[in-house]
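Student: You'll find work_11.cif just under this line, and it carries mmCIF, C-alpha atoms and all ligand atoms.
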data_work
#
loop_
_atom_site.label_atom_id
_atom_site.label_comp_id
_atom_site.auth_asym_id
_atom_site.auth_seq_id
_atom_site.Cartn_x
_atom_site.Cartn_y
_atom_site.Cartn_z
CA MET W 1252 131.96 98.45 73.91
CA PRO W 1253 132.10 100.20 77.32
CA THR W 1254 133.20 98.39 80.46
CA TYR W 1255 130.85 98.12 83.41
CA LYS W 1256 131.69 97.93 87.10
CA LEU W 1257 128.89 97.75 89.63
CA MET W 1258 129.90 98.70 93.15
CA TYR W 1259 127.92 97.69 96.24
CA PHE W 1260 128.27 95.64 99.40
CA GLU W 1261 128.27 91.86 99.91
CA SER W 1262 124.47 91.66 99.84
CA LYS W 1263 121.57 91.81 97.41
CA GLY W 1264 119.93 95.01 98.70
CA ARG W 1265 119.58 97.80 96.17
CA ALA W 1266 122.12 96.32 93.76
CA GLU W 1267 120.69 92.91 93.00
CA VAL W 1268 118.11 94.00 90.44
CA ILE W 1269 120.88 95.88 88.59
CA ARG W 1270 123.09 92.77 88.68
CA LEU W 1271 120.13 90.81 87.30
CA ALA W 1272 119.53 93.35 84.53
CA LEU W 1273 123.18 93.27 83.40
CA THR W 1274 123.07 89.48 83.59
CA ALA W 1275 119.83 89.23 81.57
CA ALA W 1276 121.37 91.55 78.99
CA GLY W 1277 124.33 89.20 78.68
CA GLN W 1278 126.65 92.10 79.57
CA GLU W 1279 129.85 91.26 81.37
CA PHE W 1280 130.46 93.43 84.43
CA GLU W 1281 132.75 93.59 87.42
CA ASP W 1282 130.61 92.80 90.44
CA LYS W 1283 132.60 94.75 93.03
CA ARG W 1284 131.46 94.10 96.59
CA PHE W 1285 133.12 96.33 99.19
CA THR W 1286 133.73 95.33 102.77
CA ARG W 1287 132.79 98.08 105.26
CA GLU W 1288 136.47 98.83 105.72
CA GLU W 1289 137.11 99.24 101.99
CA TRP W 1290 133.94 101.30 101.65
CA LEU W 1291 135.01 103.88 104.22
CA LYS W 1292 138.19 104.43 102.22
CA VAL W 1293 136.50 104.89 98.83
CA LYS W 1294 133.31 106.61 100.07
CA PRO W 1295 134.58 110.20 99.52
CA THR W 1296 135.32 109.37 95.85
CA ILE W 1297 131.83 108.04 95.07
CA PRO W 1298 129.13 110.51 93.93
CA GLN W 1299 126.62 111.22 96.70
CA ASN W 1300 128.81 109.00 98.96
CA GLN W 1301 126.39 106.11 98.59
CA LEU W 1302 126.14 102.75 96.90
CA PRO W 1303 125.20 101.28 94.51
CA CYS W 1304 127.30 103.10 91.96
CA LEU W 1305 127.80 101.99 88.36
CA GLN W 1306 131.04 102.83 86.60
CA VAL W 1307 130.73 102.89 82.82
CA ASP W 1308 134.24 103.37 81.46
CA ASP W 1309 135.32 106.46 83.46
CA ARG W 1310 131.85 107.69 84.35
CA LEU W 1311 130.28 107.10 87.77
CA ILE W 1312 126.49 106.85 88.05
CA PRO W 1313 124.85 106.91 91.49
CA GLN W 1314 121.23 106.18 92.57
CA SER W 1315 119.88 102.66 92.12
CA GLY W 1316 116.76 103.78 90.21
CA ALA W 1317 118.81 105.84 87.75
CA ILE W 1318 121.31 103.00 87.28
CA LEU W 1319 118.57 100.44 86.69
CA ARG W 1320 116.90 102.63 84.07
CA TYR W 1321 120.26 103.41 82.46
CA VAL W 1322 121.00 99.70 82.09
CA GLY W 1323 117.43 99.06 80.96
CA ARG W 1324 117.67 101.72 78.24
CA ALA W 1325 121.13 100.56 77.14
CA PHE W 1326 120.05 96.94 76.68
CA GLY W 1327 116.42 97.08 75.54
CA LEU W 1328 114.98 96.14 78.94
CA TYR W 1329 113.05 99.39 79.47
CA GLY W 1330 110.21 99.11 76.95
CA ASP W 1331 110.19 99.85 73.25
CA ASN W 1332 108.35 103.18 73.38
CA ASN W 1333 107.25 105.95 75.75
CA ASP W 1334 104.04 104.12 76.75
CA GLU W 1335 105.92 100.94 77.63
CA SER W 1336 108.64 102.81 79.59
CA THR W 1337 105.93 104.69 81.46
CA ARG W 1338 104.18 101.44 82.30
CA ILE W 1339 107.48 100.17 83.68
CA ASP W 1340 107.87 103.40 85.70
CA VAL W 1341 104.40 102.89 87.21
CA ILE W 1342 105.38 99.38 88.32
CA LEU W 1343 108.72 100.57 89.72
CA GLY W 1344 106.95 103.45 91.50
CA ALA W 1345 104.39 101.14 93.14
CA THR W 1346 107.24 98.83 94.14
CA ASP W 1347 109.16 101.74 95.72
CA ASP W 1348 106.02 102.61 97.72
CA PHE W 1349 105.79 99.04 98.92
CA LEU W 1350 109.51 98.86 99.75
CA LYS W 1351 109.12 101.71 102.25
CA ASN W 1352 107.05 99.30 104.39
CA LEU W 1353 109.79 96.74 104.27
CA ILE W 1354 112.42 99.30 105.27
CA ASN W 1355 110.21 100.38 108.20
CA VAL W 1356 110.13 96.81 109.50
CA TYR W 1357 113.87 96.41 109.03
CA TYR W 1358 114.82 99.55 110.97
CA GLU W 1359 112.20 99.31 113.75
CA LYS W 1360 114.02 98.99 117.07
CA ASP W 1361 111.04 98.30 119.33
CA GLU W 1362 110.49 94.52 119.16
CA THR W 1363 106.71 94.67 119.82
CA LYS W 1364 106.23 97.33 117.16
CA LYS W 1365 108.45 95.37 114.77
CA GLU W 1366 106.27 92.27 115.17
CA GLU W 1367 103.13 94.34 114.55
CA LEU W 1368 104.61 95.87 111.41
CA LYS W 1369 105.73 92.44 110.22
CA LYS W 1370 102.26 90.98 110.75
CA ASP W 1371 100.68 93.90 108.88
CA LEU W 1372 103.15 93.34 106.06
CA GLU W 1373 102.40 89.62 105.81
CA GLU W 1374 98.64 89.88 106.20
CA ASN W 1375 97.83 93.17 104.45
CA LYS W 1376 100.56 95.12 102.70
CA LEU W 1377 102.19 92.24 100.84
CA PRO W 1378 98.93 90.62 99.61
CA GLN W 1379 97.72 94.09 98.51
CA TYR W 1380 100.93 94.70 96.60
CA PHE W 1381 100.90 91.24 94.98
CA ASN W 1382 97.24 91.68 93.96
CA LEU W 1383 98.00 95.09 92.47
CA MET W 1384 100.87 93.59 90.46
CA GLU W 1385 98.63 90.71 89.33
CA GLU W 1386 96.06 93.22 88.03
CA ILE W 1387 98.70 95.25 86.21
CA LEU W 1388 100.22 92.08 84.74
CA LYS W 1389 96.81 90.96 83.43
CA GLU W 1390 96.49 94.20 81.44
CA ASN W 1391 99.21 92.91 79.11
CA ASN W 1392 98.48 89.72 77.18
CA GLY W 1393 95.92 88.61 79.77
CA GLY W 1394 98.82 88.18 82.23
CA ASP W 1395 100.34 85.29 80.28
CA GLY W 1396 103.48 87.08 79.15
CA PHE W 1397 105.53 89.79 80.80
CA PHE W 1398 104.60 93.14 82.34
CA VAL W 1399 105.32 95.00 79.11
CA GLY W 1400 105.30 93.96 75.45
CA ASN W 1401 106.37 90.38 74.86
CA LYS W 1402 109.82 90.26 76.42
CA MET W 1403 111.42 90.57 79.82
CA SER W 1404 112.01 94.07 81.18
CA ILE W 1405 113.41 95.68 84.32
CA ALA W 1406 109.83 95.58 85.73
CA ASP W 1407 109.80 91.75 85.65
CA LEU W 1408 113.29 91.64 87.13
CA MET W 1409 112.30 94.05 89.90
CA ILE W 1410 109.30 91.94 90.99
CA TYR W 1411 111.37 88.77 90.79
CA ASP W 1412 114.05 90.33 93.01
CA LEU W 1413 111.50 91.72 95.44
CA THR W 1414 109.74 88.38 95.94
CA ASP W 1415 113.13 86.77 96.50
CA GLN W 1416 114.40 89.38 98.98
CA VAL W 1417 111.12 89.80 100.88
CA ALA W 1418 111.19 86.11 101.80
CA SER W 1419 114.26 86.72 103.97
CA PHE W 1420 112.30 89.25 106.10
CA VAL W 1421 108.83 87.75 106.38
CA THR W 1422 106.80 84.70 105.43
CA PRO W 1423 105.19 85.84 102.20
CA PRO W 1424 101.63 84.86 101.22
CA PRO W 1425 101.20 82.65 98.14
CA LEU W 1426 101.68 84.52 94.90
CA PRO W 1427 98.61 85.15 92.72
CA PRO W 1428 98.62 82.70 89.77
CA LYS W 1429 99.79 84.88 86.87
CA LEU W 1430 102.43 86.59 89.00
CA GLY W 1431 103.64 83.20 90.23
CA THR W 1432 104.06 81.99 86.65
CA LEU W 1433 105.92 85.18 85.70
CA ILE W 1434 108.35 84.80 88.61
CA GLU W 1435 109.07 81.21 87.55
CA LYS W 1436 109.66 82.38 83.99
CA VAL W 1437 112.23 84.96 85.13
CA LYS W 1438 113.84 82.43 87.48
CA ASN W 1439 114.18 79.93 84.62
CA ASN W 1440 115.65 82.40 82.16
CA PRO W 1441 118.92 80.59 81.29
CA LYS W 1442 121.17 83.59 82.06
CA ILE W 1443 119.40 84.34 85.35
CA LYS W 1444 119.48 80.67 86.30
CA GLU W 1445 123.20 80.41 85.65
CA TYR W 1446 123.86 83.59 87.67
CA THR W 1447 121.72 82.53 90.67
CA SER W 1448 123.21 79.05 90.80
CA LYS W 1449 126.74 80.56 90.75
CA GLN W 1450 125.79 82.93 93.59
CA ALA W 1451 124.28 80.09 95.63
CA SER W 1452 127.44 78.01 95.35
CA LYS W 1453 129.70 80.83 96.64
N1 LIG D 1501 118.57 106.53 97.01
C1 LIG D 1501 119.81 105.79 97.02
C2 LIG D 1501 120.03 105.24 98.42
C3 LIG D 1501 121.38 104.59 98.52
C4 LIG D 1501 121.68 104.07 99.91
O1 LIG D 1501 120.94 104.31 100.90
N2 LIG D 1501 122.80 103.35 100.02
C5 LIG D 1501 123.23 102.77 101.25
C6 LIG D 1501 123.24 101.24 101.15
S1 LIG D 1501 121.69 100.56 100.70
C7 LIG D 1501 124.67 103.19 101.51
O2 LIG D 1501 125.44 103.51 100.62
N3 LIG D 1501 125.08 103.12 102.79
C8 LIG D 1501 126.43 103.31 103.21
C9 LIG D 1501 126.75 104.70 103.65
O3 LIG D 1501 125.86 105.59 103.56
O4 LIG D 1501 127.89 104.90 104.09
C10 LIG D 1501 119.76 104.67 95.97
O5 LIG D 1501 118.66 104.18 95.70
O6 LIG D 1501 120.81 104.34 95.41
#
As structure tokens, what does this structure read like?
Ligand SMILES: N[C@@H](CCC(=O)N[C@@H](CS)C(=O)NCC(=O)O)C(=O)O

Tutor:
Amino acid sequence: MPTYKLMYFESKGRAEVIRLALTAAGQEFEDKRFTREEWLKVKPTIPQNQLPCLQVDDRLIPQSGAILRYVGRAFGLYGDNNDESTRIDVILGATDDFLKNLINVYYEKDETKKEELKKDLEENKLPQYFNLMEEILKENNGGDGFFVGNKMSIADLMIYDLTDQVASFVTPPPLPPKLGTLIEKVKNNPKIKEYTSKQASK
């Protein structure tokens, strides 16, 4: 069995969904969180000089999307066939599009512009994204299961993580019903629950 070490900073950011995927898979991993000082020392040794980076035995894998899919494929969280994996890719792609809005708000320096972007996110972009996800969810099992097939995948984990992280930036609108139930289901997954309660008590 290979050993896994996930390297990132002391935050959720781009690493959390990968931590959740390894956790849901029941795979032990070293959750290495660099301080800025440590990071500057190791940065030249990390591919593409960015984090997150997953070390599998001696191999270093950069790029959060590639790492998430790698973990998904390794542990059966990335669909059971090409159609299911593609459906997951569509959800991850739409989520990446949405995340660009969030990043714009985060990095906006002009306070007035920042407030405008935030308002647009809360009132338009976020409800649009949630409604899109609700529609996609309903295509599988009438929305009463998961995004793909009949088990949890990296798509469910990604939406769960997004709804969690977005709440620290803005006041999110209520979740559409099926999506709300899905998020609760992921949250109550015993492995996820154990992980999040451990993180909260740190
Ligand atoms: N496309 C890359 C972006 C990675 C990225 O922007 N990483 C940032 C943190 S979120 C980073 O390593 N910043 C520190 C630095 O560049 O020194 C991914 O998804 O992994």

Student: Enter the distance from CA of Glu1279 (chain W) to CA of Tyr1446 (chain W), in Å, rounded to one decimal.

Tutor: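 Straight-line distance from CA of Glu1279 (chain W) to CA of Tyr1446 (chain W) works out to 11.6 Å.
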
Student: Taking all atoms listed in the file into account, which residues are within 6 Å of ligand LIG 1501 (chain D), as a list in words?

Tutor: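 If we count all atoms listed in the file, the neighbours of ligand LIG 1501 (chain D) turn out to be Arg1265, Gln1301, Leu1302, Pro1303, Gln1314, Ser1315 and Gly1316 of chain W.
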
Student: Now that the selection is made, can you save its residues with C-alpha atoms as a PDB file, in the frame of the given file?

Tutor:
ATOM      1  CA  ARG W1265     119.580  97.800  96.170  1.00  0.00           C
ATOM      2  CA  GLN W1301     126.390 106.110  98.590  1.00  0.00           C
ATOM      3  CA  LEU W1302     126.140 102.750  96.900  1.00  0.00           C
ATOM      4  CA  PRO W1303     125.200 101.280  94.510  1.00  0.00           C
ATOM      5  CA  GLN W1314     121.230 106.180  92.570  1.00  0.00           C
ATOM      6  CA  SER W1315     119.880 102.660  92.120  1.00  0.00           C
ATOM      7  CA  GLY W1316     116.760 103.780  90.210  1.00  0.00           C
TER       8      GLY W1316
END

Student: Provide the CA of Asp1282 (chain W) to CA of Ile1318 (chain W) distance in Å, to one decimal place.

Tutor: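 Value for the CA of Asp1282 (chain W)-CA of Ile1318 (chain W) distance: 14.2 Å.
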
Student: Under the rule of at most 9 Å, produce a per-residue listing of region 1343-1388 of chain W near region 1400-1410 of chain W: chain, number, name, the closest pair of atoms, and the distance in Å, as CSV, using only C-alpha atoms.

Tutor:
residue,atom,partner,partner_atom,distance
W:Leu1343,CA,W:Ala1406,CA,6.5
W:Thr1346,CA,W:Ile1410,CA,7.9
W:Met1384,CA,W:Ile1410,CA,8.6

Student: Up to 7 Å from (105.7, 99.0, 77.6) in the file's coordinates: name the residues, counting all atoms listed in the file, as a PDB file with C-alpha atoms, in the coordinates of the input.

Tutor:
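So the final result, stored in point-v1.pdb, reads:
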ATOM      1  CA  GLY W1330     110.210  99.110  76.950  1.00  0.00           C
ATOM      2  CA  ASP W1331     110.190  99.850  73.250  1.00  0.00           C
ATOM      3  CA  ASN W1332     108.350 103.180  73.380  1.00  0.00           C
ATOM      4  CA  ASP W1334     104.040 104.120  76.750  1.00  0.00           C
ATOM      5  CA  GLU W1335     105.920 100.940  77.630  1.00  0.00           C
ATOM      6  CA  SER W1336     108.640 102.810  79.590  1.00  0.00           C
ATOM      7  CA  THR W1337     105.930 104.690  81.460  1.00  0.00           C
ATOM      8  CA  ARG W1338     104.180 101.440  82.300  1.00  0.00           C
ATOM      9  CA  ILE W1339     107.480 100.170  83.680  1.00  0.00           C
ATOM     10  CA  VAL W1399     105.320  95.000  79.110  1.00  0.00           C
ATOM     11  CA  GLY W1400     105.300  93.960  75.450  1.00  0.00           C
TER      12      GLY W1400
END

Student: Interatomic distance between CA of Lys1436 (chain W) and CA of Arg1320 (chain W)?

Tutor: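 Value for the CA of Lys1436 (chain W)-CA of Arg1320 (chain W) distance: 21.5 Å.
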
Student: From the options W:Arg1270, W:Lys1449, W:Lys1429, W:Lys1256, which residue's atoms come nearest to Cys1304 (chain W), counting only C-alpha atoms?

Tutor: W:Lys1256

Student: Quick one: residues within 10 Å of Gly1277 (chain W), all atoms listed in the file, excluding same-chain residues fewer than 5 positions away - as a list in words?

Tutor: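 Listed by chain and then number, they are Leu1271, Ala1272, Phe1326, Lys1442 and Ile1443 of chain W.
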
Student: Pick the closest to Ala1418 (chain W) from W:Thr1432, W:Leu1311, W:Pro1298, W:Lys1369: which is it, counting all atoms listed in the file?

Tutor: W:Lys1369

Student: Would you please work out which residue, of W:Phe1285, W:Tyr1380, W:Trp1290, W:Phe1420, is nearest to Phe1349 (chain W) when using all atoms listed in the file?

Tutor: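 Looking at the shortest contact to Phe1349 (chain W), the residue is W:Tyr1380.
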
Student: I'd like to know which of W:Ala1275, W:Val1341, W:Val1322, W:Leu1368 is closest to Lys1438 (chain W), using only C-alpha atoms.

Tutor: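 That would be W:Ala1275, the residue with the smallest distance to Lys1438 (chain W).
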
Student: Select, from W:Lys1370, W:Arg1284, W:Arg1324, W:Lys1292, the residue with the minimum atom-to-atom distance to Glu1267 (chain W), counting only C-alpha atoms.

Tutor: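 The closest residue to Glu1267 (chain W) is W:Arg1284.
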
Student: For region 1421-1423 of chain W, work out the shell of residues within 9 Å, counting all atoms listed in the file and skipping chain neighbours fewer than 6 positions away, then give it as a ChimeraX atom specification.

Tutor: /W:1369-1370,1372-1374,1377-1378,1414

Student: Counting only C-alpha atoms, figure out which residue out of W:Glu1359, W:Asp1395, W:Asp1412, W:Asp1348 gets nearest to Lys1376 (chain W).

Tutor: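 Comparing W:Glu1359, W:Asp1395, W:Asp1412, W:Asp1348 against Lys1376 (chain W), the winner is W:Asp1348.
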
Student: For Glu1281 (chain W), please output as a PyMOL selection string all residues within 12 Å (counting all atoms listed in the file; exclusion window: fewer than 6 positions along the same chain).

Tutor: chain W and resi 1254-1259+1270+1273-1274+1304-1308
